[in-house]
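Chemist: My structure is stored as structure.txt, with compact mmCIF, C-alpha atoms.
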# COMPACT_ATOMS: atom_id res chain seq x y z
CA MET A 27 73.57 66.95 29.90
CA ILE A 28 73.49 63.29 28.82
CA VAL A 29 74.54 62.65 25.21
CA GLN A 30 72.27 59.75 24.27
CA PRO A 31 68.87 61.51 23.83
CA VAL A 32 70.38 63.98 21.36
CA LEU A 33 72.06 61.16 19.43
CA VAL A 34 68.80 59.20 19.27
CA VAL A 35 66.95 62.30 18.01
CA ALA A 36 69.61 62.81 15.32
CA ALA A 37 69.20 59.16 14.27
CA ALA A 38 65.42 59.70 14.16
CA LEU A 39 65.84 62.75 11.89
CA PHE A 40 68.15 60.73 9.62
CA SER A 41 65.71 57.84 9.26
CA LEU A 42 62.78 60.22 8.73
CA GLY A 43 64.76 61.79 5.89
CA ILE A 44 65.37 58.34 4.37
CA TYR A 45 61.64 57.60 4.68
CA GLY A 46 60.79 60.88 2.94
CA ILE A 47 63.19 60.16 0.06
CA LEU A 48 61.70 56.71 -0.47
CA VAL A 49 58.04 57.67 -0.18
CA ARG A 50 57.59 61.16 -1.63
CA ARG A 51 56.58 61.62 -5.26
CA ASN A 52 57.28 65.31 -5.68
CA ALA A 53 60.94 66.10 -6.47
CA VAL A 54 60.93 69.22 -4.26
CA MET A 55 59.71 67.13 -1.31
CA VAL A 56 62.63 64.73 -1.85
CA LEU A 57 65.02 67.69 -1.61
CA LEU A 58 63.30 68.71 1.66
CA SER A 59 63.97 65.21 3.03
CA ILE A 60 67.65 65.49 2.05
CA GLU A 61 67.79 68.67 4.14
CA LEU A 62 66.53 66.68 7.13
CA ILE A 63 69.39 64.19 6.71
CA LEU A 64 72.00 66.97 6.47
CA ASN A 65 70.46 68.53 9.57
CA SER A 66 70.85 65.34 11.58
CA VAL A 67 74.51 65.15 10.57
CA ASN A 68 74.97 68.76 11.72
CA ILE A 69 73.44 67.93 15.11
CA ASN A 70 75.89 65.04 15.52
CA PHE A 71 78.88 67.19 14.55
CA ILE A 72 77.96 69.97 16.99
CA LEU A 73 77.21 67.53 19.80
CA PHE A 74 80.53 65.71 19.44
CA ASP A 75 82.40 69.01 19.12
CA THR A 76 80.95 70.17 22.44
CA MET A 77 81.36 66.76 24.06
CA LEU A 78 85.02 66.38 23.15
CA ALA A 79 85.78 70.11 23.77
CA ASP A 80 88.00 70.08 20.66
CA THR A 81 90.57 72.87 20.72
CA LEU A 82 90.43 73.23 16.91
CA MET A 83 86.58 73.27 16.88
CA GLN A 84 86.55 71.02 13.86
CA GLY A 85 82.95 70.00 14.52
CA GLN A 86 81.68 73.55 14.25
CA ILE A 87 83.86 74.29 11.21
CA PHE A 88 82.64 71.17 9.44
CA THR A 89 79.06 72.15 10.22
CA ILE A 90 79.57 75.57 8.63
CA PHE A 91 81.02 73.90 5.51
CA ILE A 92 78.11 71.43 5.39
CA ILE A 93 75.60 74.29 5.58
CA THR A 94 77.39 76.07 2.71
CA ILE A 95 77.50 72.95 0.52
CA ALA A 96 73.84 72.26 1.34
CA ALA A 97 72.89 75.75 0.16
CA ALA A 98 74.75 75.16 -3.14
CA GLU A 99 73.12 71.73 -3.47
CA VAL A 100 69.63 73.14 -3.00
CA GLY A 101 70.25 75.81 -5.64
CA ILE A 102 71.48 73.30 -8.22
CA GLY A 103 68.85 70.73 -7.26
CA LEU A 104 65.98 73.15 -7.70
CA ALA A 105 67.44 74.35 -11.02
CA ILE A 106 67.47 70.72 -12.23
CA VAL A 107 63.89 70.17 -11.00
CA LEU A 108 62.86 73.36 -12.79
CA MET A 109 64.51 72.15 -15.99
CA LEU A 110 62.74 68.77 -15.73
CA PHE A 111 59.43 70.51 -15.08
CA ARG A 112 59.91 72.69 -18.13
CA ASN A 113 60.58 69.66 -20.34
CA ARG A 114 58.04 67.22 -18.89
CA GLN A 115 55.36 69.53 -17.34
CA THR A 116 55.56 67.55 -14.08
CA ALA A 117 57.67 67.29 -10.94
CA ASN A 118 56.60 63.71 -10.25
CA ILE A 119 59.70 61.50 -9.91
CA ASN A 120 57.88 58.35 -11.07
CA GLU A 121 57.57 59.82 -14.55
CA PHE A 122 61.28 60.56 -14.95
CA ASP A 123 62.03 57.04 -16.20
CA LEU A 124 63.85 57.85 -19.45
CA MET A 125 67.09 56.20 -18.26
CA LYS A 126 65.34 53.24 -16.61
CA TRP A 127 66.25 49.94 -18.19
CA MET B 26 70.53 72.72 35.82
CA GLU B 27 67.17 70.97 36.15
CA ILE B 28 65.38 73.57 33.99
CA PHE B 29 68.15 73.32 31.36
CA GLU B 30 67.54 69.58 31.00
CA ILE B 31 63.77 70.01 30.82
CA VAL B 32 64.12 72.64 28.08
CA THR B 33 66.50 70.36 26.14
CA TYR B 34 64.14 67.39 26.27
CA PHE B 35 61.22 69.60 25.26
CA VAL B 36 63.20 70.90 22.25
CA LEU B 37 64.19 67.36 21.25
CA LEU B 38 60.59 66.18 21.45
CA LEU B 39 59.35 69.09 19.31
CA LEU B 40 62.22 68.47 16.86
CA VAL B 41 61.13 64.89 16.21
CA SER B 42 57.44 65.79 15.92
CA THR B 43 58.05 68.62 13.41
CA ALA B 44 60.44 66.42 11.39
CA LEU B 45 57.76 63.72 11.33
CA ARG B 46 55.33 66.29 9.99
CA VAL B 47 57.76 67.25 7.18
CA VAL B 48 57.68 63.73 5.74
CA THR B 49 54.08 62.73 6.51
CA THR B 50 51.91 65.77 5.77
CA SER B 51 49.98 65.72 2.52
CA ASN B 52 50.27 69.48 2.01
CA VAL B 53 53.46 70.76 0.33
CA ILE B 54 53.37 74.20 1.97
CA HIS B 55 52.87 72.63 5.41
CA ALA B 56 55.91 70.42 4.78
CA ALA B 57 58.08 73.46 3.98
CA ILE B 58 56.78 75.38 7.03
CA SER B 59 57.41 72.35 9.25
CA LEU B 60 60.99 72.27 7.95
CA VAL B 61 61.30 75.90 9.10
CA PHE B 62 60.27 74.82 12.62
CA THR B 63 62.64 71.84 12.52
CA LEU B 64 65.56 74.08 11.59
CA ALA B 65 64.60 76.73 14.17
CA LEU B 66 64.50 74.06 16.89
CA THR B 67 67.86 72.72 15.69
CA SER B 68 69.19 76.24 16.06
CA VAL B 69 67.83 76.36 19.63
CA LEU B 70 69.56 73.04 20.32
CA PHE B 71 72.84 74.49 19.02
CA LEU B 72 72.36 77.48 21.33
CA LEU B 73 71.80 75.10 24.25
CA LEU B 74 75.10 73.43 23.29
CA SER B 75 76.70 76.93 23.38
CA THR B 76 77.69 77.06 19.70
CA GLU B 77 75.92 80.33 18.98
CA PHE B 78 77.71 81.18 15.72
CA VAL B 79 76.60 77.98 13.98
CA ALA B 80 73.07 78.52 15.34
CA LEU B 81 72.93 81.98 13.76
CA VAL B 82 74.43 80.74 10.47
CA LEU B 83 71.76 78.04 10.40
CA VAL B 84 69.00 80.61 10.86
CA LEU B 85 70.45 82.99 8.26
CA VAL B 86 71.27 80.45 5.55
CA TYR B 87 68.49 77.89 5.98
CA ILE B 88 65.48 79.82 7.20
CA GLY B 89 66.52 82.99 5.37
CA ALA B 90 67.54 81.57 1.99
CA VAL B 91 67.02 77.83 1.51
CA ILE B 92 63.36 77.76 2.63
CA VAL B 93 62.59 80.72 0.35
CA LEU B 94 64.16 78.74 -2.50
CA PHE B 95 62.04 75.71 -1.59
CA LEU B 96 58.82 77.74 -1.53
CA PHE B 97 59.85 79.25 -4.86
CA GLY B 98 60.40 75.73 -6.25
CA ILE B 99 57.01 74.54 -4.93
CA MET B 100 55.24 77.49 -6.53
CA ILE B 101 57.04 77.31 -9.87
CA THR B 102 56.54 73.55 -10.37
CA ARG B 103 52.79 74.16 -9.76
CA ALA B 104 52.52 71.57 -7.00
CA PRO B 105 48.84 71.36 -6.07
CA LEU B 106 48.36 73.53 -2.98
CA GLY B 107 46.20 72.25 -0.15
CA LYS B 108 45.71 68.57 0.64
CA ASN B 109 47.04 66.27 -2.05
CA ALA B 110 46.58 62.52 -1.76
CA GLU B 111 48.91 61.96 -4.73
CA LEU B 112 51.94 63.34 -2.88
CA ASP B 113 53.00 60.00 -1.41
CA ASN B 114 53.77 56.84 -3.28
CA ASP B 115 51.55 54.42 -1.36
CA LYS B 116 53.26 51.37 -2.87
CA ASN B 117 56.56 52.39 -1.26
CA LYS B 118 55.15 53.33 2.14
CA LYS B 119 55.56 49.98 3.90
CA LEU B 120 59.01 49.35 2.43
CA GLY B 121 60.11 52.91 3.28
CA ALA B 122 58.86 52.62 6.85
CA ALA B 123 60.62 49.26 7.24
CA ILE B 124 63.95 50.58 5.92
CA ALA B 125 63.76 53.83 7.91
CA GLY B 126 62.72 51.98 11.05
CA SER B 127 65.53 49.45 10.81
CA ILE B 128 68.08 52.23 10.20
CA PHE B 129 66.72 54.09 13.23
CA PHE B 130 66.88 51.09 15.55
CA LEU B 131 70.35 50.07 14.33
CA PHE B 132 71.73 53.60 14.81
CA SER B 133 70.01 54.05 18.17
CA TYR B 134 71.27 50.71 19.45
CA ILE B 135 74.86 51.44 18.42
CA LEU B 136 74.85 55.04 19.67
CA VAL B 137 73.13 54.34 22.99
CA ASN B 138 75.52 51.48 23.73
CA GLY B 139 78.62 53.24 22.42
CA PHE B 140 78.13 56.49 24.33
CA ASP B 141 76.81 55.12 27.58
CA GLY B 142 77.16 57.63 30.40
CA GLN B 143 78.98 60.28 28.34
CA VAL B 144 78.02 63.81 29.27
CA VAL B 145 78.29 67.20 27.55
CA VAL B 146 79.66 70.10 29.55
CA THR B 147 78.86 73.38 27.83
CA SER B 148 81.56 76.02 28.12
CA GLY B 149 80.30 79.48 27.20
CA SER B 150 80.86 81.47 24.03
CA SER B 151 83.37 80.29 21.44
CA THR B 152 82.75 82.57 18.46
CA GLU B 153 85.97 84.60 18.74
CA LEU B 154 88.16 81.50 18.77
CA LEU B 155 86.10 79.93 15.97
CA GLY B 156 86.73 82.97 13.74
CA GLU B 157 90.46 82.83 14.41
CA ILE B 158 90.67 79.11 13.61
CA LEU B 159 88.47 79.42 10.53
CA LEU B 160 90.68 82.14 9.05
CA SER B 161 94.04 80.66 9.98
CA ARG B 162 94.20 76.88 9.94
CA PHE B 163 91.09 76.31 7.80
CA VAL B 164 91.53 79.26 5.45
CA PHE B 165 92.17 77.08 2.37
CA PRO B 166 88.93 75.06 2.59
CA PHE B 167 87.17 78.30 3.49
CA GLU B 168 88.31 79.89 0.21
CA LEU B 169 87.65 76.67 -1.70
CA VAL B 170 84.04 76.57 -0.54
CA SER B 171 83.53 80.08 -1.87
CA PHE B 172 84.53 78.77 -5.31
CA VAL B 173 82.00 75.95 -4.88
CA LEU B 174 79.34 78.58 -4.19
CA LEU B 175 80.39 80.56 -7.27
CA ALA B 176 80.22 77.39 -9.40
CA ALA B 177 76.76 76.60 -7.99
CA LEU B 178 75.63 80.15 -8.76
CA ILE B 179 76.80 79.98 -12.38
CA GLY B 180 75.47 76.44 -12.77
CA GLY B 181 72.07 77.39 -11.37
CA ILE B 182 71.76 80.35 -13.71
CA THR B 183 72.84 78.28 -16.73
CA LEU B 184 70.40 75.47 -15.93
CA ALA B 185 67.34 77.51 -15.04
CA ARG B 186 67.68 80.24 -17.67
CA LYS B 187 65.36 80.07 -20.68
CA ASP B 188 67.79 80.11 -23.58
CA GLU B 189 65.94 81.71 -26.48
CA ALA B 190 68.36 80.40 -29.14
CA LEU B 191 68.05 76.80 -27.87
CA ILE B 192 64.25 76.95 -27.74
CA ASP B 193 64.08 78.17 -31.35
CA GLU B 194 66.38 75.35 -32.42
CA ASP B 195 64.14 72.76 -30.72
CA GLN B 196 61.00 74.05 -32.31
CA VAL B 197 62.36 74.13 -35.86
Would you kindly transcribe this structure into structure tokens?
Modeler:
Amino acid sequence: MIVQPVLVVAAALFSLGIYGILVRRNAVMVLLSIELILNSVNINFILFDTMLADTLMQGQIFTIFIITIAAAEVGIGLAIVLMLFRNRQTANINEFDLMKW
Amino acid sequence: MEIFEIVTYFVLLLLVSTALRVVTTSNVIHAAISLVFTLALTSVLFLLLSTEFVALVLVLVYIGAVIVLFLFGIMITRAPLGKNAELDNDKNKKLGAAIAGSIFFLFSYILVNGFDGQVVVTSGSSTELLGEILLSRFVFPFELVSFVLLAALIGGITLARKDEALIDEDQV
């Protein structure tokens, strides 16, 4: 199997995640886009692990760690969004401008 | 071998189209469901690359837990269900598309040129060896990440809990 199509698809997922972060208004949707970016990184790690046939399987191990950290990040991120919603009655990022100069 | 390639290209095509739907749909529930499909197709791609343990972890952790959390977050922040024209920031759309597009073309150009003609040769199951390596050489980060999860658990509870004493103090 040729490597390049998978790499291009991973790059596409990454840029779609960036687009989502920049364009979405809802904080939960921004977190969804961050998941897309993490997913593209996972695809790259697994692909290079298989391509290089690494004896220590560091690509797969890193992917497992990334998935774990992503789960923790989603939990904390949603708790913060919940807290903001409770204080401001909205999840719209444009209105969280208290620390904007 | 021919069928294997066709299946891979089909999965890659579906992957991009579902990911596109995650960031462009104007319905929050549809975005979350599209993310489920994206992750499921990623898992299929991992299976095609013969890394079945990571594929199963992805299904269990993401589709089993993270998506449920996302749906919970969507419901609890009372995001308007159904079509919602306010979901996207129209002012940022052109700029976002320009930045994302330039990142995509830069990455694609570098990756396509840098890995010209490289091929992947899949080599059967690797779960047994992965378990041995994870619990011998990488046992310290493995234990460390469990502490990260514990910290996230405690932090999440502390942040999201309604603290009665604090609320009373604010209202006085």
Chemist: Distance limit 6 Å, atoms considered: only C-alpha atoms. Which chain B residues sit that close to chain A? Return them as a list of chain:residue names.
Modeler: B:Val48, B:Leu112, B:Asp113, B:Asn114, B:Asn117, B:Lys118, B:Gly121, B:Ala125, B:Phe129, B:Ser133, B:Val137, B:Gln143, B:Val144, B:Val145, B:Leu174, B:Ala177, B:Gly181, B:Leu184, B:Ala185
Chemist: Can you report as JSON the centre and edge lengths in Å, to one decimal, of an axis-aligned box around the listed atoms of stretch 101-106 of chain A padded with 6 Å on each side?
Modeler:
{"center_x": 68.7, "center_y": 73.3, "center_z": -8.9, "size_x": 17.5, "size_y": 17.1, "size_z": 18.6}
Chemist: Restricting the calculation to only C-alpha atoms, which member of B:Leu131, B:Ile92, B:Ile99, B:Val61 is positioned closest to B:Val47?
Modeler: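 Ranking B:Leu131, B:Ile92, B:Ile99, B:Val61 by distance to B:Val47, first place goes to B:Val61.
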Chemist: I'd like the neighbourhood of B:Val79 as a list in words, where a residue qualifies if any of its atoms comes within 8 Å (using all atoms listed in the file), though same-chain residues fewer than 2 positions away should be ignored.
Modeler: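 Listed by chain and then number, they are Gln86, Thr89 and Ile90 of chain A; Ser68, Phe71, Thr76, Glu77, Leu81, Val82 and Leu83 of chain B.
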Chemist: For B:Thr63, which of A:Glu121, A:Ile63, A:Phe71, A:Asp80 is the closest residue, counting all atoms listed in the file?
Modeler: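 Smallest separation from B:Thr63 among the options: A:Ile63.
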Chemist: Please list as a ChimeraX atom specification every residue within 6 Å of stretch 27-43 of chain B, counting only C-alpha atoms and excluding residues in the same chain fewer than 2 positions away.
Modeler: /B:45-46,59,63
Chemist: Put those residues in a file: C-alpha atoms, as a compact mmCIF listing (two decimals), in the coordinates of the input.
Modeler:
# COMPACT_ATOMS: atom_id res chain seq x y z
CA LEU B 45 57.76 63.72 11.33
CA ARG B 46 55.33 66.29 9.99
CA SER B 59 57.41 72.35 9.25
CA THR B 63 62.64 71.84 12.52
Chemist: So which residues touch B:Asn109 within 7 Å, counting all atoms listed in the file, skipping near sequence neighbours fewer than 4 positions away, as a list in words?
Modeler: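 Everything that qualifies: Ser51, Asn52 and Pro105 of chain B.
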Chemist: Tell me, in Å to one decimal, how far atom CA of B:Phe97 is from atom CA of A:Leu124.
Modeler: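 Between atom CA of B:Phe97 and atom CA of A:Leu124 the gap is 26.2 Å.
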Chemist: Of the residues B:Leu70, B:Ile101, B:Val170, B:Leu64, which is the one nearest to B:Val86, using all atoms listed in the file?
Modeler: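 That would be B:Leu64, the residue with the smallest distance to B:Val86.
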Chemist: Have a look at atom CA of B:Gly98 and atom CA of B:Glu111 and let me know their distance in Å, one decimal.
Modeler: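 Value for the atom CA of B:Gly98-atom CA of B:Glu111 distance: 18.0 Å.
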Chemist: So what do you get for atom CA of B:Ala80 versus atom CA of B:Ala65, distance-wise?
Modeler: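 Separating atom CA of B:Ala80 from atom CA of B:Ala65 is a distance of 8.7 Å.
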